[in-house]
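Trainee: Below you'll find work.txt; it's compact mmCIF, C-alpha atoms.
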# COMPACT_ATOMS: atom_id res chain seq x y z
CA MET E 23 88.81 188.23 -19.38
CA ARG E 24 92.55 187.77 -20.10
CA ARG E 25 93.33 188.60 -16.49
CA ALA E 26 90.89 186.01 -15.24
CA THR E 27 92.34 183.37 -17.56
CA SER E 28 95.92 184.06 -16.44
CA PHE E 29 94.75 183.97 -12.80
CA VAL E 30 93.17 180.51 -13.30
CA VAL E 31 96.30 179.26 -15.10
CA CYS E 32 98.49 180.48 -12.21
CA LEU E 33 96.18 178.83 -9.71
CA LEU E 34 96.30 175.52 -11.63
CA PHE E 35 100.09 175.75 -11.85
CA LEU E 36 100.34 176.32 -8.07
CA ALA E 37 97.96 173.45 -7.39
CA MET E 38 100.04 171.11 -9.58
CA PHE E 39 103.21 172.26 -7.82
CA ALA E 40 101.62 171.62 -4.41
CA VAL E 41 100.48 168.13 -5.47
CA ALA E 42 103.99 167.33 -6.73
CA VAL E 43 105.58 168.50 -3.44
CA MET E 44 103.07 166.54 -1.33
CA ALA E 45 103.63 163.40 -3.42
CA GLN E 46 107.34 163.55 -2.61
CA GLN E 47 106.77 163.65 1.19
CA PRO E 48 107.72 160.33 2.83
CA PRO E 49 104.78 158.57 4.51
CA GLN E 50 104.68 159.19 8.27
CA PRO E 51 105.24 156.02 10.35
CA PRO E 52 102.43 155.11 12.77
CA GLU E 53 102.90 156.24 16.39
CA GLY E 54 102.03 152.94 18.11
CA PHE E 55 101.92 149.21 17.37
CA VAL E 56 99.75 148.41 14.34
CA PRO E 57 98.25 144.93 14.07
CA ALA E 58 99.10 143.25 10.76
CA ALA E 59 96.20 142.10 8.61
CA SER E 60 98.07 138.92 7.78
CA VAL E 61 101.28 137.22 8.87
CA GLN E 62 104.34 138.27 6.87
CA GLY E 63 105.72 135.51 4.66
CA GLN E 64 109.48 135.01 4.73
CA GLU E 65 111.54 136.25 7.66
CA GLN E 66 115.33 136.46 7.50
CA LEU E 67 115.96 135.81 11.21
CA PRO E 68 113.44 133.37 12.70
CA ALA E 69 111.56 135.01 15.56
CA ALA E 70 110.14 131.86 17.16
CA PRO E 71 113.38 130.74 18.95
CA LEU E 72 113.81 134.26 20.36
CA VAL E 73 110.20 134.38 21.63
CA ILE E 74 110.44 130.86 23.10
CA THR E 75 113.76 131.73 24.79
CA ALA E 76 112.31 134.97 26.23
CA TYR E 77 109.27 133.22 27.74
CA SER E 78 111.42 130.33 29.00
CA VAL E 79 113.80 132.78 30.71
CA VAL E 80 110.87 134.43 32.51
CA TRP E 81 109.36 131.11 33.65
CA LEU E 82 112.75 129.79 34.78
CA LEU E 83 113.45 132.94 36.77
CA VAL E 84 109.97 132.90 38.37
CA PHE E 85 110.09 129.24 39.37
CA GLY E 86 113.77 129.37 40.33
CA TYR E 87 113.20 132.37 42.58
CA LEU E 88 110.05 130.87 44.16
CA TRP E 89 111.97 127.65 44.87
CA SER E 90 114.84 129.65 46.38
CA ILE E 91 112.46 131.57 48.70
CA TRP E 92 110.64 128.38 49.70
CA ARG E 93 113.99 126.67 50.52
CA ARG E 94 115.30 129.63 52.53
CA ILE E 95 112.04 129.96 54.51
CA ALA E 96 112.01 126.21 55.27
CA ARG E 97 115.65 126.27 56.42
CA THR E 98 115.24 129.39 58.58
CA GLU E 99 112.01 128.11 60.19
CA HIS E 100 113.71 124.77 60.87
CA ASP E 101 116.67 126.58 62.52
CA LEU E 102 114.31 128.71 64.59
CA ALA E 103 112.31 125.69 65.76
CA GLU E 104 115.53 123.80 66.57
CA VAL E 105 117.04 126.66 68.63
CA THR E 106 113.74 127.28 70.45
CA ARG E 107 113.49 123.54 71.26
CA ARG E 108 117.07 123.44 72.61
CA ILE E 109 116.49 126.51 74.78
CA ALA E 110 113.28 125.01 76.15
CA GLY E 111 115.14 121.74 76.87
CA ALA E 112 117.99 123.55 78.64
CA GLN E 113 115.56 125.56 80.78
CA ARG E 114 113.74 122.38 81.87
CA ARG E 115 117.03 120.88 83.06
CA MET Y 27 97.72 139.39 54.25
CA ARG Y 28 97.51 135.73 55.30
CA LYS Y 29 93.77 135.64 54.50
CA LEU Y 30 94.35 137.25 51.12
CA PHE Y 31 97.38 135.10 50.22
CA LEU Y 32 95.54 131.97 49.01
CA PRO Y 33 92.86 133.75 46.88
CA LEU Y 34 95.57 135.96 45.38
CA LEU Y 35 97.75 132.91 44.69
CA ILE Y 36 94.88 131.14 42.88
CA MET Y 37 94.02 134.28 40.91
CA THR Y 38 97.68 134.82 39.91
CA ALA Y 39 98.09 131.18 38.85
CA ALA Y 40 94.90 131.43 36.75
CA MET Y 41 96.10 134.64 35.10
CA PHE Y 42 99.52 133.15 34.28
CA ALA Y 43 97.85 129.97 32.98
CA TYR Y 44 95.59 131.97 30.64
CA ALA Y 45 98.23 134.54 29.60
CA PRO Y 46 99.89 132.30 26.93
CA VAL Y 47 96.47 131.71 25.31
CA ALA Y 48 95.67 135.44 25.31
CA ILE Y 49 99.13 136.28 23.93
CA GLN Y 50 98.80 133.58 21.28
CA ASN Y 51 95.46 135.05 20.16
CA ALA Y 52 96.79 138.63 20.04
CA PRO Y 53 97.44 139.87 16.48
CA TYR Y 54 100.94 140.09 15.02
CA GLU Y 55 102.45 143.58 14.94
CA SER Y 56 102.74 144.85 11.35
CA THR Y 57 106.50 145.56 11.19
CA MET Y 58 107.99 143.30 13.88
CA GLY Y 59 105.74 140.27 13.49
CA LEU Y 60 105.97 137.41 15.98
CA VAL Y 61 108.92 138.77 17.99
CA GLN Y 62 106.81 141.69 19.25
CA LYS Y 63 104.95 139.16 21.45
CA ILE Y 64 107.91 139.34 23.86
CA PHE Y 65 106.39 142.72 24.76
CA TYR Y 66 103.59 141.00 26.77
CA PHE Y 67 106.07 139.72 29.38
CA HIS Y 68 108.91 142.23 28.87
CA VAL Y 69 107.01 145.42 29.79
CA PRO Y 70 105.03 143.91 32.75
CA SER Y 71 108.31 142.63 34.21
CA TRP Y 72 109.60 146.23 34.16
CA PHE Y 73 106.34 147.44 35.75
CA ALA Y 74 106.87 144.89 38.54
CA MET Y 75 110.48 146.08 38.84
CA PHE Y 76 109.33 149.72 39.11
CA SER Y 77 106.82 148.69 41.81
CA ALA Y 78 109.60 146.90 43.69
CA THR Y 79 111.85 149.98 43.51
CA ALA Y 80 109.00 152.18 44.75
CA VAL Y 81 108.33 149.87 47.71
CA CYS Y 82 112.06 149.59 48.44
CA GLY Y 83 112.58 153.36 48.28
CA MET Y 84 109.56 154.22 50.42
CA ALA Y 85 110.33 151.54 53.01
CA GLY Y 86 113.94 152.77 53.04
CA ALA Y 87 112.74 156.32 53.68
CA VAL Y 88 110.51 155.12 56.55
CA TYR Y 89 113.48 153.25 58.04
CA LEU Y 90 115.76 156.29 57.68
CA PHE Y 91 113.34 158.67 59.39
CA THR Y 92 111.74 156.39 62.01
CA GLY Y 93 114.25 153.58 62.48
CA ARG Y 94 111.51 150.94 62.20
CA LYS Y 95 113.09 147.53 61.64
CA ASP Y 96 110.03 146.13 59.84
CA ALA Y 97 110.37 148.85 57.18
CA ASP Y 98 113.98 147.82 56.65
CA ARG Y 99 112.91 144.20 56.22
CA ILE Y 100 110.34 145.22 53.58
CA ALA Y 101 113.01 147.32 51.82
CA VAL Y 102 115.53 144.49 51.58
CA SER Y 103 112.82 142.10 50.34
CA ALA Y 104 111.67 144.56 47.67
CA ALA Y 105 115.26 145.20 46.56
CA GLU Y 106 115.72 141.50 45.84
CA LEU Y 107 112.49 141.49 43.81
CA ALA Y 108 113.67 144.58 41.90
CA VAL Y 109 116.79 142.65 40.88
CA VAL Y 110 114.80 139.54 39.85
CA PHE Y 111 112.14 141.39 37.82
CA GLY Y 112 114.79 143.72 36.37
CA LEU Y 113 116.80 140.70 35.26
CA MET Y 114 113.72 139.41 33.41
CA GLY Y 115 113.44 142.73 31.57
CA LEU Y 116 117.17 142.89 30.84
CA LEU Y 117 117.20 139.36 29.41
CA THR Y 118 113.98 139.49 27.38
CA GLY Y 119 114.73 142.95 25.91
CA PRO Y 120 117.86 141.92 23.95
CA LEU Y 121 116.03 138.86 22.57
CA TRP Y 122 113.39 141.22 21.17
CA GLY Y 123 116.02 143.76 20.04
CA ARG Y 124 118.06 141.14 18.17
CA LYS Y 125 115.19 140.66 15.73
CA ALA Y 126 113.67 144.15 15.79
CA TRP Y 127 116.89 146.21 15.65
CA GLY Y 128 119.40 143.65 14.40
CA VAL Y 129 121.55 143.99 17.54
CA TRP Y 130 121.38 142.50 21.04
CA TRP Y 131 122.16 145.78 22.81
CA GLN Y 132 122.41 149.52 22.17
CA TRP Y 133 124.02 151.94 24.58
CA ASP Y 134 121.13 154.38 24.20
CA ALA Y 135 119.40 156.38 26.94
CA ARG Y 136 116.69 153.84 27.81
CA LEU Y 137 118.77 150.68 27.85
CA THR Y 138 121.72 152.27 29.65
CA SER Y 139 119.58 153.99 32.32
CA ALA Y 140 117.61 150.78 32.92
CA LEU Y 141 120.87 148.84 33.34
CA VAL Y 142 122.23 151.47 35.74
CA MET Y 143 119.01 151.34 37.81
CA TRP Y 144 119.24 147.55 37.99
CA LEU Y 145 122.91 147.79 39.04
CA VAL Y 146 121.91 150.20 41.85
CA PHE Y 147 119.72 147.47 43.33
CA VAL Y 148 122.41 144.82 42.81
CA ALA Y 149 124.72 147.20 44.73
CA TYR Y 150 122.02 147.47 47.43
CA LEU Y 151 121.99 143.69 47.93
CA LEU Y 152 125.79 143.47 47.91
CA LEU Y 153 125.93 146.27 50.48
CA ARG Y 154 123.46 144.41 52.70
CA LYS Y 155 125.41 141.17 52.41
CA TYR Y 156 128.96 142.46 52.82
CA GLY Y 157 128.52 145.99 54.24
CA GLY Y 158 128.57 144.95 57.89
CA ALA Y 159 127.12 147.02 60.73
CA GLY Y 160 125.44 150.25 59.68
CA SER Y 161 124.88 149.13 56.10
CA GLU Y 162 121.09 149.35 56.67
CA LYS Y 163 121.14 153.17 56.66
CA LEU Y 164 123.54 153.43 53.74
CA SER Y 165 121.46 150.99 51.72
CA ALA Y 166 118.26 152.91 52.55
CA VAL Y 167 119.84 156.00 50.94
CA LEU Y 168 120.82 153.85 47.94
CA ALA Y 169 117.20 152.64 47.70
CA LEU Y 170 115.99 156.24 47.58
CA PHE Y 171 118.52 156.98 44.85
CA GLY Y 172 117.33 153.92 42.91
CA MET Y 173 113.68 154.93 43.28
CA ALA Y 174 114.47 158.45 42.05
CA ASN Y 175 115.89 156.90 38.86
CA VAL Y 176 112.54 155.38 37.85
CA PRO Y 177 110.96 158.51 36.23
CA PHE Y 178 114.16 159.14 34.25
CA VAL Y 179 114.26 155.55 32.99
CA TYR Y 180 110.55 155.61 32.11
CA LEU Y 181 110.63 158.98 30.32
CA SER Y 182 114.07 158.54 28.73
CA VAL Y 183 112.51 157.29 25.47
CA ASN Y 184 110.48 160.51 25.20
CA LEU Y 185 113.29 162.85 26.25
CA TRP Y 186 116.13 161.47 24.11
CA ARG Y 187 116.32 159.85 20.69
CA THR Y 188 116.53 156.09 21.25
CA VAL Y 189 115.86 152.93 19.26
CA HIS Y 190 113.47 151.76 21.98
CA PRO Y 191 109.68 152.19 21.42
CA LYS Y 192 108.19 155.25 23.14
CA THR Y 193 105.96 155.09 26.23
CA SER Y 194 102.98 156.04 24.03
CA VAL Y 195 102.81 152.51 22.54
CA VAL Y 196 101.19 151.22 25.72
CA MET Y 197 98.45 153.86 25.69
CA THR Y 198 97.77 153.49 21.95
CA LEU Y 199 97.53 149.69 21.90
CA GLU Y 200 94.75 148.17 19.82
CA PRO Y 201 92.12 146.44 22.04
CA ASP Y 202 93.20 143.00 20.76
CA MET Y 203 96.74 143.76 21.93
CA GLY Y 204 95.69 145.77 24.98
CA ARG Y 205 93.69 142.98 26.65
CA PRO Y 206 96.53 140.39 26.83
CA PHE Y 207 98.91 143.15 27.86
CA LEU Y 208 96.59 144.20 30.71
CA LEU Y 209 96.22 140.56 31.78
CA SER Y 210 99.99 140.05 31.82
CA THR Y 211 100.54 143.30 33.71
CA LEU Y 212 97.98 142.36 36.39
CA ALA Y 213 99.51 138.86 36.63
CA PHE Y 214 103.00 140.28 37.15
CA LEU Y 215 101.81 142.83 39.73
CA ALA Y 216 99.90 140.12 41.62
CA LEU Y 217 103.00 137.90 41.48
CA PHE Y 218 105.04 140.79 42.83
CA VAL Y 219 102.68 141.21 45.81
CA LEU Y 220 102.70 137.46 46.55
CA VAL Y 221 106.45 137.02 46.31
CA LEU Y 222 107.03 140.17 48.34
CA ALA Y 223 104.79 138.76 51.11
CA ALA Y 224 106.75 135.48 51.07
CA ARG Y 225 110.10 137.29 51.03
CA VAL Y 226 109.07 139.54 53.96
CA ARG Y 227 108.08 136.40 55.88
CA LEU Y 228 111.61 135.08 55.32
CA GLU Y 229 113.10 138.33 56.67
CA ASN Y 230 110.77 138.23 59.70
CA THR Y 231 111.79 134.63 60.46
CA ARG Y 232 115.48 135.56 60.14
CA ALA Y 233 114.92 138.50 62.50
CA ALA Y 234 113.19 136.21 65.02
CA LEU Y 235 116.12 133.76 64.80
CA ASP Y 236 118.61 136.60 65.33
CA ASP Y 237 116.61 137.74 68.38
CA VAL Y 238 116.77 134.22 69.83
CA TYR Y 239 120.55 134.06 69.31
CA LEU Y 240 120.97 137.54 70.85
CA SER Y 241 118.90 136.54 73.88
CA LEU Y 242 121.16 133.48 74.29
CA GLU Y 243 124.26 135.71 74.30
CA ASP Y 244 122.69 137.89 77.01
What is this structure when it is put down as structure tokens?
Mentor:
Amino acid sequence: MRRATSFVVCLLFLAMFAVAVMAQQPPQPPEGFVPAASVQGQEQLPAAPLVITAYSVVWLLVFGYLWSIWRRIARTEHDLAEVTRRIAGAQRR
Amino acid sequence: MRKLFLPLLIMTAAMFAYAPVAIQNAPYESTMGLVQKIFYFHVPSWFAMFSATAVCGMAGAVYLFTGRKDADRIAVSAAELAVVFGLMGLLTGPLWGRKAWGVWWQWDARLTSALVMWLVFVAYLLLRKYGGAGSEKLSAVLALFGMANVPFVYLSVNLWRTVHPKTSVVMTLEPDMGRPFLLSTLAFLALFVLVLAARVRLENTRAALDDVYLSLED
């Protein structure tokens, strides 16, 4: 009977020790992006200007590059048409 | 491609028109908040850049082994797109990092390797512009080198300790975040295909003009 009591006491002591150790473990951060239930209140560095700048940069680059391609194609096709026309004119003469 | 160009253009325009609405409706990320929404254009721009490097590298390899001029024209067009889409990623990343990490830039494995890969394609374009005769073959080798960098850049966040989010964030996205991300990715890839087609047309016209001038000299 005494043996059984001491065994149970030891078991309880170990369980308490294990609970104390587990309680001291830092919480593991989530692996991926976790959606927030609600928007956080006060932010030290405002995010909106950074987000607006990022999207503006992308749009400017897209439209700027498309305009540059369109201009280069138009100029090259104009040159090609001009040279072809001159050659055709010279051959006729 | 000419038949597909207009439907693809309309589809891409529709996707880009709806993307801001989808991104606006996506939930805020719990730790980063609003600034995490840069992710929806930042990562797809890198995907488009990786696609451009793959096209450039493969077209370069075809040119090296077969000498086909059309492959070289595709390679030079894709290299320019790699620089443009890479620039988008390199500019939007620091804007995100400034808020998320507190700094504009970190010389860690991901950021440094991405910058080096982008510089390889800048070097490609400079070589094509100022390299003179024979620069086509040298630049094709450079394109292969640039393409070989892609897996290292992509996996660098898993291989080394960096401040950059790991590749697993894309696969573990919540559906509400995953849908706008998928839409943005498809929009960027469609834009890449469209702009590549336009850029190849420019190279073909330049080649035709060069042929005319060469025939005049003969």
Trainee: Could you build a table of the residues in chain E lying no more than 10 Å from chain Y, giving for each the nearest pair of atoms and their separation in Å rounded to one decimal place, using all atoms listed in the file, ordered by chain and ascending residue number, as JSON lines?
Mentor:
{"residue": "E:Glu53", "atom": "CA", "partner": "Y:Val195", "partner_atom": "CA", "distance": 7.2}
{"residue": "E:Gly54", "atom": "CA", "partner": "Y:Val195", "partner_atom": "CA", "distance": 4.5}
{"residue": "E:Phe55", "atom": "CA", "partner": "Y:Glu55", "partner_atom": "CA", "distance": 6.2}
{"residue": "E:Val56", "atom": "CA", "partner": "Y:Ser56", "partner_atom": "CA", "distance": 5.5}
{"residue": "E:Pro57", "atom": "CA", "partner": "Y:Glu55", "partner_atom": "CA", "distance": 4.5}
{"residue": "E:Ala58", "atom": "CA", "partner": "Y:Ser56", "partner_atom": "CA", "distance": 4.0}
{"residue": "E:Ala59", "atom": "CA", "partner": "Y:Ser56", "partner_atom": "CA", "distance": 7.6}
{"residue": "E:Ser60", "atom": "CA", "partner": "Y:Tyr54", "partner_atom": "CA", "distance": 7.9}
{"residue": "E:Val61", "atom": "CA", "partner": "Y:Tyr54", "partner_atom": "CA", "distance": 6.8}
{"residue": "E:Gln62", "atom": "CA", "partner": "Y:Gly59", "partner_atom": "CA", "distance": 7.1}
{"residue": "E:Glu65", "atom": "CA", "partner": "Y:Gly59", "partner_atom": "CA", "distance": 9.2}
{"residue": "E:Gln66", "atom": "CA", "partner": "Y:Lys125", "partner_atom": "CA", "distance": 9.2}
{"residue": "E:Leu67", "atom": "CA", "partner": "Y:Lys125", "partner_atom": "CA", "distance": 6.7}
{"residue": "E:Pro68", "atom": "CA", "partner": "Y:Lys125", "partner_atom": "CA", "distance": 8.1}
{"residue": "E:Ala69", "atom": "CA", "partner": "Y:Val61", "partner_atom": "CA", "distance": 5.2}
{"residue": "E:Ala70", "atom": "CA", "partner": "Y:Leu60", "partner_atom": "CA", "distance": 7.0}
{"residue": "E:Pro71", "atom": "CA", "partner": "Y:Val61", "partner_atom": "CA", "distance": 9.2}
{"residue": "E:Leu72", "atom": "CA", "partner": "Y:Leu121", "partner_atom": "CA", "distance": 5.6}
{"residue": "E:Val73", "atom": "CA", "partner": "Y:Val61", "partner_atom": "CA", "distance": 5.8}
{"residue": "E:Ile74", "atom": "CA", "partner": "Y:Ile64", "partner_atom": "CA", "distance": 8.9}
{"residue": "E:Thr75", "atom": "CA", "partner": "Y:Leu121", "partner_atom": "CA", "distance": 7.8}
{"residue": "E:Ala76", "atom": "CA", "partner": "Y:Thr118", "partner_atom": "CA", "distance": 5.0}
{"residue": "E:Tyr77", "atom": "CA", "partner": "Y:Ile64", "partner_atom": "CA", "distance": 7.4}
{"residue": "E:Ser78", "atom": "CA", "partner": "Y:Thr118", "partner_atom": "CA", "distance": 9.6}
{"residue": "E:Val79", "atom": "CA", "partner": "Y:Met114", "partner_atom": "CA", "distance": 7.2}
{"residue": "E:Val80", "atom": "CA", "partner": "Y:Met114", "partner_atom": "CA", "distance": 5.8}
{"residue": "E:Trp81", "atom": "CA", "partner": "Y:Met114", "partner_atom": "CA", "distance": 9.4}
{"residue": "E:Leu82", "atom": "CA", "partner": "Y:Met114", "partner_atom": "CA", "distance": 9.8}
{"residue": "E:Leu83", "atom": "CA", "partner": "Y:Met114", "partner_atom": "CA", "distance": 7.3}
{"residue": "E:Val84", "atom": "CA", "partner": "Y:Val110", "partner_atom": "CA", "distance": 8.3}
{"residue": "E:Tyr87", "atom": "CA", "partner": "Y:Val110", "partner_atom": "CA", "distance": 7.8}
{"residue": "E:Leu88", "atom": "CA", "partner": "Y:Val221", "partner_atom": "CA", "distance": 7.4}
{"residue": "E:Ile91", "atom": "CA", "partner": "Y:Arg225", "partner_atom": "CA", "distance": 6.6}
{"residue": "E:Trp92", "atom": "CA", "partner": "Y:Ala224", "partner_atom": "CA", "distance": 8.2}
{"residue": "E:Arg93", "atom": "CA", "partner": "Y:Leu228", "partner_atom": "CA", "distance": 10.0}
{"residue": "E:Arg94", "atom": "CA", "partner": "Y:Leu228", "partner_atom": "CA", "distance": 7.1}
{"residue": "E:Ile95", "atom": "CA", "partner": "Y:Leu228", "partner_atom": "CA", "distance": 5.2}
{"residue": "E:Ala96", "atom": "CA", "partner": "Y:Leu228", "partner_atom": "CA", "distance": 8.9}
{"residue": "E:Arg97", "atom": "CA", "partner": "Y:Leu228", "partner_atom": "CA", "distance": 9.8}
{"residue": "E:Thr98", "atom": "CA", "partner": "Y:Arg232", "partner_atom": "CA", "distance": 6.4}
{"residue": "E:Glu99", "atom": "CA", "partner": "Y:Thr231", "partner_atom": "CA", "distance": 6.5}
{"residue": "E:Asp101", "atom": "CA", "partner": "Y:Leu235", "partner_atom": "CA", "distance": 7.6}
{"residue": "E:Leu102", "atom": "CA", "partner": "Y:Leu235", "partner_atom": "CA", "distance": 5.4}
{"residue": "E:Ala103", "atom": "CA", "partner": "Y:Leu235", "partner_atom": "CA", "distance": 9.0}
{"residue": "E:Val105", "atom": "CA", "partner": "Y:Val238", "partner_atom": "CA", "distance": 7.7}
{"residue": "E:Thr106", "atom": "CA", "partner": "Y:Val238", "partner_atom": "CA", "distance": 7.6}
{"residue": "E:Ile109", "atom": "CA", "partner": "Y:Leu242", "partner_atom": "CA", "distance": 8.4}
Trainee: At a cut-off of 9 Å, using only C-alpha atoms, what residues contact Ala105 (chain Y)? Leave out same-chain residues fewer than 5 positions from it and give the result as an mmCIF file with C-alpha atoms, in the frame of the given file.
Mentor:
data_model
loop_
_atom_site.group_PDB
_atom_site.id
_atom_site.type_symbol
_atom_site.label_atom_id
_atom_site.label_comp_id
_atom_site.auth_asym_id
_atom_site.auth_seq_id
_atom_site.Cartn_x
_atom_site.Cartn_y
_atom_site.Cartn_z
ATOM 1 C CA ALA Y 78 109.600 146.900 43.690
ATOM 2 C CA THR Y 79 111.850 149.980 43.510
ATOM 3 C CA VAL Y 81 108.330 149.870 47.710
ATOM 4 C CA CYS Y 82 112.060 149.590 48.440
ATOM 5 C CA GLY Y 83 112.580 153.360 48.280
ATOM 6 C CA ILE Y 100 110.340 145.220 53.580
ATOM 7 C CA VAL Y 110 114.800 139.540 39.850
ATOM 8 C CA PHE Y 147 119.720 147.470 43.330
ATOM 9 C CA VAL Y 148 122.410 144.820 42.810
ATOM 10 C CA TYR Y 150 122.020 147.470 47.430
ATOM 11 C CA LEU Y 151 121.990 143.690 47.930
ATOM 12 C CA ALA Y 169 117.200 152.640 47.700
#
Trainee: In Å to one decimal, how far is CA of Trp72 (chain Y) from CA of Val102 (chain Y)?
Mentor: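 So the two atoms, CA of Val102 (chain Y) and CA of Trp72 (chain Y), lie 18.5 Å apart.
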Trainee: Would you work out the distance separating CA of Lys163 (chain Y) from CA of Ala97 (chain Y), expressed in Å to one decimal?
Mentor: 11.6 Å
Trainee: Separation of CA of Met75 (chain Y) and CA of Val109 (chain Y), in Å?
Mentor: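 Between CA of Met75 (chain Y) and CA of Val109 (chain Y) the gap is 7.5 Å.
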Trainee: Near Ala223 (chain Y), within 9 Å and counting only C-alpha atoms, which residues show up once chain neighbours fewer than 6 positions away are dropped, as a ChimeraX atom specification?
Mentor: /Y:27-28,31,100,103
